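Q: One file: protein.txt (compact mmCIF, C-alpha atoms).
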# COMPACT_ATOMS: atom_id res chain seq x y z
CA MET A 1 110.50 76.26 102.75
CA GLY A 2 112.30 74.39 105.50
CA LYS A 3 115.83 73.12 105.58
CA LEU A 4 116.37 69.40 104.95
CA ASN A 5 118.58 67.34 107.18
CA LEU A 6 121.18 65.03 105.64
CA ARG A 7 118.99 61.94 105.91
CA GLU A 8 116.16 63.66 104.08
CA VAL A 9 118.52 64.77 101.34
CA SER A 10 119.86 61.26 100.82
CA GLU A 11 116.30 59.87 100.80
CA LEU A 12 115.21 62.40 98.20
CA GLN A 13 118.28 61.62 96.08
CA GLU A 14 117.44 57.93 96.22
CA GLU A 15 113.91 58.79 95.16
CA GLY A 16 115.36 60.72 92.23
CA LYS A 17 117.19 57.65 90.97
CA ASN A 18 114.13 55.43 91.37
CA ALA A 19 111.95 57.98 89.62
CA ILE A 20 113.94 57.66 86.39
CA ASN A 21 112.60 54.13 85.96
CA SER A 22 109.12 54.68 87.41
CA PRO A 23 108.25 58.38 87.28
CA LEU A 24 104.92 58.15 89.06
CA ALA A 25 105.56 55.24 91.39
CA PRO A 26 105.30 55.93 95.14
CA ALA A 27 108.53 56.40 97.02
CA THR A 28 110.12 53.12 98.04
CA VAL A 29 111.80 54.39 101.21
CA ASP A 30 109.78 54.30 104.40
CA ILE A 31 108.67 57.81 105.21
CA HIS A 32 107.50 58.65 108.68
CA PRO A 33 105.61 61.92 109.21
CA GLU A 34 108.34 63.26 111.47
CA ASP A 35 111.02 62.43 108.89
CA THR A 36 109.92 64.88 106.20
CA LEU A 37 108.97 68.52 106.10
CA LEU A 38 106.59 68.05 103.18
CA GLU A 39 102.92 68.66 103.89
CA GLU A 40 100.24 66.71 102.05
CA ASN A 41 100.28 67.77 98.35
CA GLU A 42 103.31 69.99 98.95
CA GLU A 43 106.17 69.60 96.49
CA ARG A 44 109.88 70.21 96.55
CA THR A 45 112.39 70.23 93.71
CA MET A 46 116.04 69.21 93.69
CA ILE A 47 118.69 68.72 91.03
CA ASP A 48 119.33 65.13 90.09
CA PRO A 49 122.78 64.11 91.46
CA THR A 50 124.00 63.09 88.00
CA SER A 51 123.24 66.59 86.63
CA ARG A 52 125.37 68.14 89.37
CA GLU A 53 128.36 66.29 87.94
CA ASP A 54 127.78 67.59 84.41
CA PRO A 55 130.89 69.61 83.35
CA LYS A 56 128.83 72.44 81.79
CA PHE A 57 126.69 72.72 84.92
CA LYS A 58 129.82 72.89 87.06
CA GLU A 59 131.30 75.51 84.74
CA LEU A 60 128.12 77.63 84.96
CA ASN A 61 128.33 77.50 88.75
CA LYS A 62 132.00 78.45 88.77
CA VAL A 63 131.65 81.30 86.27
CA LEU A 64 128.79 82.84 88.25
CA ILE A 65 130.57 82.45 91.61
CA ASP A 66 133.75 84.05 90.20
CA TRP A 67 131.68 86.89 88.73
CA ILE A 68 129.93 87.62 92.05
CA ASN A 69 133.25 87.57 93.89
CA ASP A 70 134.78 89.95 91.32
CA VAL A 71 131.87 92.38 91.63
CA LEU A 72 131.94 92.27 95.44
CA VAL A 73 135.70 92.23 95.93
CA GLU A 74 135.63 95.61 97.72
CA GLU A 75 132.92 94.35 100.08
CA ARG A 76 135.25 91.56 101.22
CA ILE A 77 132.51 89.05 100.46
CA ILE A 78 133.59 85.63 99.21
CA VAL A 79 130.91 83.30 97.87
CA LYS A 80 131.83 79.62 97.91
CA GLN A 81 128.48 77.87 97.45
CA LEU A 82 125.57 79.58 95.74
CA GLU A 83 122.65 78.00 97.61
CA GLU A 84 124.26 78.39 101.03
CA ASP A 85 125.57 81.92 100.50
CA LEU A 86 122.70 83.57 98.61
CA TYR A 87 119.51 82.23 100.19
CA ASP A 88 119.11 84.90 102.91
CA GLY A 89 119.39 87.86 100.52
CA GLN A 90 122.48 89.43 102.05
CA VAL A 91 124.79 88.78 99.09
CA LEU A 92 122.01 89.42 96.54
CA GLN A 93 121.45 92.83 98.11
CA LYS A 94 125.12 93.78 97.85
CA LEU A 95 125.30 92.42 94.29
CA LEU A 96 122.31 94.43 93.06
CA GLU A 97 123.46 97.58 94.85
CA LYS A 98 126.85 97.33 93.17
CA LEU A 99 125.53 96.46 89.70
CA ALA A 100 122.68 98.98 89.64
CA ASN A 101 124.53 101.63 91.65
CA ARG A 102 121.60 102.11 94.00
CA LYS A 103 121.11 101.65 97.73
CA LEU A 104 118.33 99.36 98.94
CA ASN A 105 116.43 100.31 102.05
CA VAL A 106 116.56 96.97 103.90
CA ALA A 107 117.81 95.78 107.28
CA GLU A 108 121.51 94.96 107.17
CA VAL A 109 121.37 91.68 109.07
CA THR A 110 118.38 89.68 110.17
CA GLN A 111 118.46 86.21 111.73
CA SER A 112 114.79 85.25 111.90
CA GLU A 113 113.26 83.39 108.97
CA ILE A 114 110.38 85.87 108.75
CA GLY A 115 112.81 88.80 108.75
CA GLN A 116 115.00 87.14 106.10
CA LYS A 117 112.00 86.47 103.85
CA GLN A 118 110.72 90.03 104.18
CA LYS A 119 114.15 91.35 103.30
CA LEU A 120 114.43 88.90 100.40
CA GLN A 121 111.01 89.98 99.12
CA THR A 122 112.17 93.61 99.00
CA ILE A 123 115.38 92.63 97.19
CA LEU A 124 113.56 90.46 94.63
CA GLU A 125 111.07 93.26 93.96
CA ALA A 126 114.00 95.60 93.32
CA ILE A 127 115.55 93.04 90.96
CA TYR A 128 112.23 92.68 89.13
CA ASP A 129 112.06 96.46 88.79
CA VAL A 130 115.54 96.50 87.25
CA LEU A 131 115.03 93.55 84.89
CA ARG A 132 111.49 94.52 83.83
CA PRO A 133 110.78 91.11 82.29
CA HIS A 134 108.87 91.50 79.04
CA GLY A 135 107.78 88.37 77.23
CA TRP A 136 109.71 86.01 79.50
CA ALA A 137 108.77 84.52 82.83
CA ILE A 138 110.82 84.82 85.99
CA LYS A 139 111.66 81.44 87.46
CA TRP A 140 112.32 82.32 91.07
CA ASN A 141 110.47 83.60 94.11
CA VAL A 142 111.05 84.21 97.81
CA ASP A 143 110.30 80.61 98.81
CA SER A 144 112.54 79.02 96.19
CA ILE A 145 115.53 81.32 96.87
CA HIS A 146 115.15 81.10 100.67
CA GLY A 147 114.63 77.35 100.33
CA LYS A 148 118.10 77.10 98.73
CA ASN A 149 116.69 75.97 95.39
CA LEU A 150 119.83 76.06 93.24
CA VAL A 151 117.89 76.03 89.95
CA ALA A 152 115.96 79.17 90.96
CA ILE A 153 119.16 80.87 92.18
CA LEU A 154 120.92 80.07 88.88
CA HIS A 155 118.01 81.43 86.82
CA LEU A 156 118.17 84.66 88.82
CA LEU A 157 121.95 85.05 88.47
CA VAL A 158 121.91 84.30 84.72
CA ALA A 159 119.22 86.99 84.25
CA LEU A 160 121.28 89.52 86.23
CA ALA A 161 124.48 88.66 84.36
CA MET A 162 122.77 89.09 81.00
CA HIS A 163 121.00 92.32 81.97
CA PHE A 164 124.13 93.99 83.31
CA ARG A 165 126.31 92.73 80.46
CA ALA A 166 128.63 90.89 82.83
CA PRO A 167 132.12 90.53 81.33
CA ILE A 168 131.88 86.74 81.51
CA ARG A 169 131.21 83.93 79.08
CA LEU A 170 128.36 81.71 80.25
CA PRO A 171 128.38 78.16 78.90
CA GLU A 172 125.55 77.76 76.39
CA HIS A 173 122.74 75.19 76.41
CA VAL A 174 123.12 74.12 80.03
CA SER A 175 120.24 71.90 81.15
CA VAL A 176 119.69 69.89 84.31
CA GLN A 177 117.39 67.10 85.33
CA VAL A 178 115.20 68.27 88.19
CA VAL A 179 113.45 65.82 90.50
CA VAL A 180 110.05 67.09 91.61
CA VAL A 181 108.95 65.34 94.80
CA ARG A 182 105.34 65.63 95.92
CA LYS A 183 103.71 64.12 99.00
CA ARG A 184 100.39 62.45 98.26
CA GLU A 185 98.45 60.34 100.75
CA GLY A 186 101.50 60.20 102.99
CA LEU A 187 103.82 58.88 100.25
CA LEU A 188 106.48 60.68 98.27
CA HIS A 189 105.94 60.64 94.52
CA SER A 190 108.61 61.93 92.17
CA THR A 191 108.91 62.94 88.53
CA HIS A 192 111.80 64.13 86.37
CA VAL A 193 111.73 67.42 84.47
CA ALA A 194 114.44 68.85 82.20
CA GLU A 195 115.19 72.47 83.12
CA GLU A 196 117.04 74.74 80.68
CA LEU A 197 119.35 77.18 82.50
CA THR A 198 121.05 78.83 79.51
CA THR A 199 120.35 78.98 75.77
CA THR A 200 122.67 80.84 73.39
CA THR A 201 124.31 84.08 74.42
CA GLU A 202 122.60 85.91 71.54
CA MET A 203 119.16 84.67 72.55
CA MET A 204 119.71 85.49 76.23
CA MET A 205 121.11 88.91 75.43
CA GLY A 206 118.51 89.74 72.85
CA ARG A 207 115.14 88.62 74.17
CA PHE A 208 113.78 90.66 71.29
CA GLU A 209 112.54 89.61 67.87
CA ARG A 210 114.99 89.81 65.00
CA ASP A 211 114.73 92.86 62.78
CA ALA A 212 116.20 94.32 59.60
CA PHE A 213 119.50 95.10 61.29
CA ASP A 214 120.00 91.47 62.29
CA THR A 215 119.53 90.56 58.63
CA LEU A 216 121.91 93.31 57.49
CA PHE A 217 124.65 92.17 59.85
CA ASP A 218 124.22 88.49 59.03
CA HIS A 219 123.60 88.53 55.29
CA ALA A 220 124.35 91.91 53.72
CA PRO A 221 127.51 93.52 55.14
CA ASP A 222 127.96 95.44 51.87
CA LYS A 223 124.59 97.15 52.36
CA LEU A 224 125.51 97.86 55.97
CA SER A 225 128.18 100.34 54.89
CA VAL A 226 125.61 102.16 52.73
CA VAL A 227 123.27 102.45 55.72
CA LYS A 228 126.10 103.77 57.90
CA LYS A 229 127.03 106.41 55.31
CA SER A 230 123.41 107.54 55.07
CA LEU A 231 123.15 107.85 58.84
CA ILE A 232 126.46 109.74 59.13
CA THR A 233 125.25 112.21 56.46
CA PHE A 234 121.95 112.63 58.33
CA VAL A 235 123.44 113.26 61.79
CA ASN A 236 126.15 115.58 60.48
CA LYS A 237 123.61 117.72 58.63
CA HIS A 238 122.30 118.67 62.08
CA LEU A 239 125.37 118.39 64.33
CA ASN A 240 127.34 120.64 61.94
CA LYS A 241 125.14 123.50 63.19
CA LEU A 242 127.03 123.15 66.49
CA ASN A 243 130.35 122.71 64.67
CA LEU A 244 130.35 119.01 65.55
CA GLU A 245 131.29 116.22 63.15
CA VAL A 246 130.74 112.46 63.31
CA THR A 247 133.01 110.06 61.47
CA GLU A 248 132.62 106.91 63.58
CA LEU A 249 129.10 105.76 64.45
CA GLU A 250 130.51 102.94 66.57
CA THR A 251 132.18 105.19 69.13
CA GLN A 252 131.01 108.78 68.91
CA PHE A 253 127.51 108.17 70.25
CA ALA A 254 128.62 105.88 73.07
CA ASP A 255 128.77 108.56 75.76
CA GLY A 256 125.29 109.89 74.90
CA VAL A 257 126.38 113.53 74.48
CA TYR A 258 125.84 113.70 70.70
CA LEU A 259 122.53 111.83 71.07
CA VAL A 260 121.22 114.42 73.54
CA LEU A 261 122.42 117.36 71.43
CA LEU A 262 121.02 115.77 68.27
CA MET A 263 117.58 115.44 69.86
CA GLY A 264 117.64 119.12 70.80
CA LEU A 265 118.53 120.07 67.23
CA LEU A 266 115.87 117.82 65.69
CA GLU A 267 113.12 119.01 68.02
CA GLY A 268 114.24 122.64 68.02
CA TYR A 269 115.10 123.27 71.66
CA PHE A 270 118.15 123.90 73.82
CA VAL A 271 118.89 121.10 76.27
CA PRO A 272 119.90 122.57 79.67
CA LEU A 273 123.41 121.44 80.50
CA HIS A 274 122.45 120.42 84.04
CA ASN A 275 120.24 117.66 82.59
CA PHE A 276 123.15 115.61 81.30
CA HIS A 277 126.93 115.17 81.58
CA LEU A 278 128.68 117.14 78.84
CA THR A 279 131.99 115.41 79.64
CA PRO A 280 130.99 112.07 81.20
CA GLU A 281 133.74 110.50 83.22
CA ASN A 282 132.47 106.98 83.84
CA PHE A 283 130.12 104.28 82.63
CA ASP A 284 127.20 105.36 84.81
CA GLN A 285 127.31 108.96 83.56
CA LYS A 286 127.33 107.73 79.97
CA VAL A 287 124.35 105.46 80.67
CA HIS A 288 122.57 108.44 82.25
CA ASN A 289 123.15 110.48 79.07
CA VAL A 290 121.89 107.79 76.71
CA SER A 291 118.87 107.10 78.95
CA PHE A 292 118.09 110.83 78.95
CA ALA A 293 118.34 110.92 75.15
CA PHE A 294 115.90 107.97 75.00
CA GLU A 295 113.47 109.95 77.17
CA LEU A 296 113.73 112.90 74.79
CA MET A 297 112.99 110.57 71.87
CA GLN A 298 109.86 109.29 73.58
CA ASP A 299 108.84 112.88 74.37
CA GLY A 300 109.17 113.53 70.64
CA GLY A 301 106.70 110.76 69.85
CA LEU A 302 109.09 107.92 69.09
CA LYS A 303 108.62 104.48 70.62
CA LYS A 304 110.98 103.46 73.39
CA PRO A 305 114.15 102.20 71.66
CA LYS A 306 114.67 98.44 71.54
CA ALA A 307 118.28 98.92 72.50
CA ARG A 308 119.26 99.34 76.13
CA PRO A 309 121.34 102.39 77.07
CA GLU A 310 124.07 100.02 78.32
CA ASP A 311 124.29 98.48 74.81
CA VAL A 312 125.01 101.84 73.20
CA VAL A 313 127.59 102.70 75.88
CA ASN A 314 129.24 99.31 75.35
CA LEU A 315 129.85 100.22 71.68
CA ASP A 316 127.27 97.75 70.36
CA LEU A 317 127.03 98.95 66.76
CA LYS A 318 123.76 97.21 66.00
CA SER A 319 122.05 98.92 68.95
CA THR A 320 123.47 102.33 68.00
CA LEU A 321 122.32 101.92 64.39
CA ARG A 322 118.81 100.97 65.51
CA VAL A 323 118.55 104.14 67.59
CA LEU A 324 119.89 106.41 64.83
CA TYR A 325 117.78 104.76 62.14
CA ASN A 326 114.62 105.48 64.16
CA LEU A 327 115.64 109.15 64.26
CA PHE A 328 116.41 109.09 60.54
CA THR A 329 112.99 107.71 59.58
CA LYS A 330 111.18 110.37 61.63
CA TYR A 331 113.34 113.43 61.01
CA LYS A 332 114.99 112.83 57.58
CA ASN A 333 113.05 115.65 55.91
CA ILE A 334 113.88 118.27 58.57
CA GLU A 335 116.38 120.88 57.44
If you took the structure in this file and wrote it as structure tokens, what would it be?

A:
Amino acid sequence: MGKLNLREVSELQEEGKNAINSPLAPATVDIHPEDTLLEENEERTMIDPTSREDPKFKELNKVLIDWINDVLVEERIIVKQLEEDLYDGQVLQKLLEKLANRKLNVAEVTQSEIGQKQKLQTILEAIYDVLRPHGWAIKWNVDSIHGKNLVAILHLLVALAMHFRAPIRLPEHVSVQVVVVRKREGLLHSTHVAEELTTTTEMMMGRFERDAFDTLFDHAPDKLSVVKKSLITFVNKHLNKLNLEVTELETQFADGVYLVLLMGLLEGYFVPLHNFHLTPENFDQKVHNVSFAFELMQDGGLKKPKARPEDVVNLDLKSTLRVLYNLFTKYKNIE
């Protein structure tokens, strides 16, 4: 997708305003073939100028920019404008490498458009691999990011922030009016579409169906304590064999050590110490432990847990209870 010059931007913005009153009317400005980069039947999207002034939209932009700059502070990277600073993949690469703690095998700097798009493709594939969208559609691609489509860039950043549990508060229910401009028979035609960028934090975080634990937390806190006592009794029956004792479900499983040891006890094997961190020192080592415990659960015939390892490490009680309850239902009769 090519870069618009200022005149083309102002023309498209004018079209956006006209389109509100006549969504399918041809463009009223005179368009000469050399004045636009749109091919016949090609379309381009842009945010309606009035939406850009919306306080919640501005806040979403600012929160995401501040978050990126916080994450990349050691890289001495300062993002000022999302579409201008993220389109070539350079910042996205650094952001993903930092968040996922992995190195991407891509060229450091590339000036050509083809080189930039190839690099961006590799980065977006890596992001897809990390996010593993299930039941929700990704709303970005190489052309939209490289074409400085702010809506696509925002969708991508919101997904990353949610996945990596960014310590930020995204404004909820942010929507923008998007002008879709299409060239047909040499004329620009434009329509307006409402695009939802954020819903509620719970919905964006969850992306899973509600279950019994949601109901317990919301409507039956008294029963929740009974469930917790049952689970503590269950895990201690087995952990006591190693002279270990659990009193706090919220915290004592967060580093993954007890989860790994518990799986060994339930399945009747010794877990080699080199497979996990017995005294994890940081967040990543804890996530490694919980992820390893999840693998052991799947090896034992359990479904992959709904919870993410990061949720357990972040002391999310509901996620921890879900994991332990699955173990309880399968192994409760084992002595």

Q: Which neighbours of Leu239 of chain A fall inside 8 Å, counting only C-alpha atoms, when residues of the same chain fewer than 4 positions from it are skipped, and could you give them as a ChimeraX atom specification?

A: /A:235,243-245,258,261-262,265

Q: Next, dump the selected residues to file, keeping only C-alpha atoms, as an mmCIF file, keeping the file's coordinate frame.

A:
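What landed in part_3.cif:
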data_model
loop_
_atom_site.group_PDB
_atom_site.id
_atom_site.type_symbol
_atom_site.label_atom_id
_atom_site.label_comp_id
_atom_site.auth_asym_id
_atom_site.auth_seq_id
_atom_site.Cartn_x
_atom_site.Cartn_y
_atom_site.Cartn_z
ATOM 1 C CA VAL A 235 123.440 113.260 61.790
ATOM 2 C CA ASN A 243 130.350 122.710 64.670
ATOM 3 C CA LEU A 244 130.350 119.010 65.550
ATOM 4 C CA GLU A 245 131.290 116.220 63.150
ATOM 5 C CA TYR A 258 125.840 113.700 70.700
ATOM 6 C CA LEU A 261 122.420 117.360 71.430
ATOM 7 C CA LEU A 262 121.020 115.770 68.270
ATOM 8 C CA LEU A 265 118.530 120.070 67.230
#

Q: Would you please work out which residue, of A:Asp88, A:Leu60, A:Val151, A:Leu327, is nearest to Ile168 of chain A when using only C-alpha atoms?

A: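 Between A:Asp88, A:Leu60, A:Val151, A:Leu327, the residue approaching Ile168 of chain A most closely is A:Leu60.
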
Q: One decimal, Å: what's the distance from atom CA of Glu195 of chain A over to atom CA of Met162 of chain A, could you say?

A: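 Atom CA of Met162 of chain A lies at a distance of 18.4 Å from atom CA of Glu195 of chain A.
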
Q: Just how far from atom CA of Pro309 of chain A is atom CA of Ser291 of chain A, in Å to one decimal?

A: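 Separation of atom CA of Ser291 of chain A and atom CA of Pro309 of chain A: 5.6 Å.
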
Q: If we count only C-alpha atoms, what is near Leu317 of chain A at a cut-off of 9 Å, once residues fewer than 6 positions away on the same chain are taken out, given as a list in words?

A: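 Selected residues are Leu249, Glu250, Thr251 and Asp311 of chain A.
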
Q: So how far away is atom CA of Val290 of chain A from atom CA of Pro272 of chain A, in Å?

A: 15.2 Å
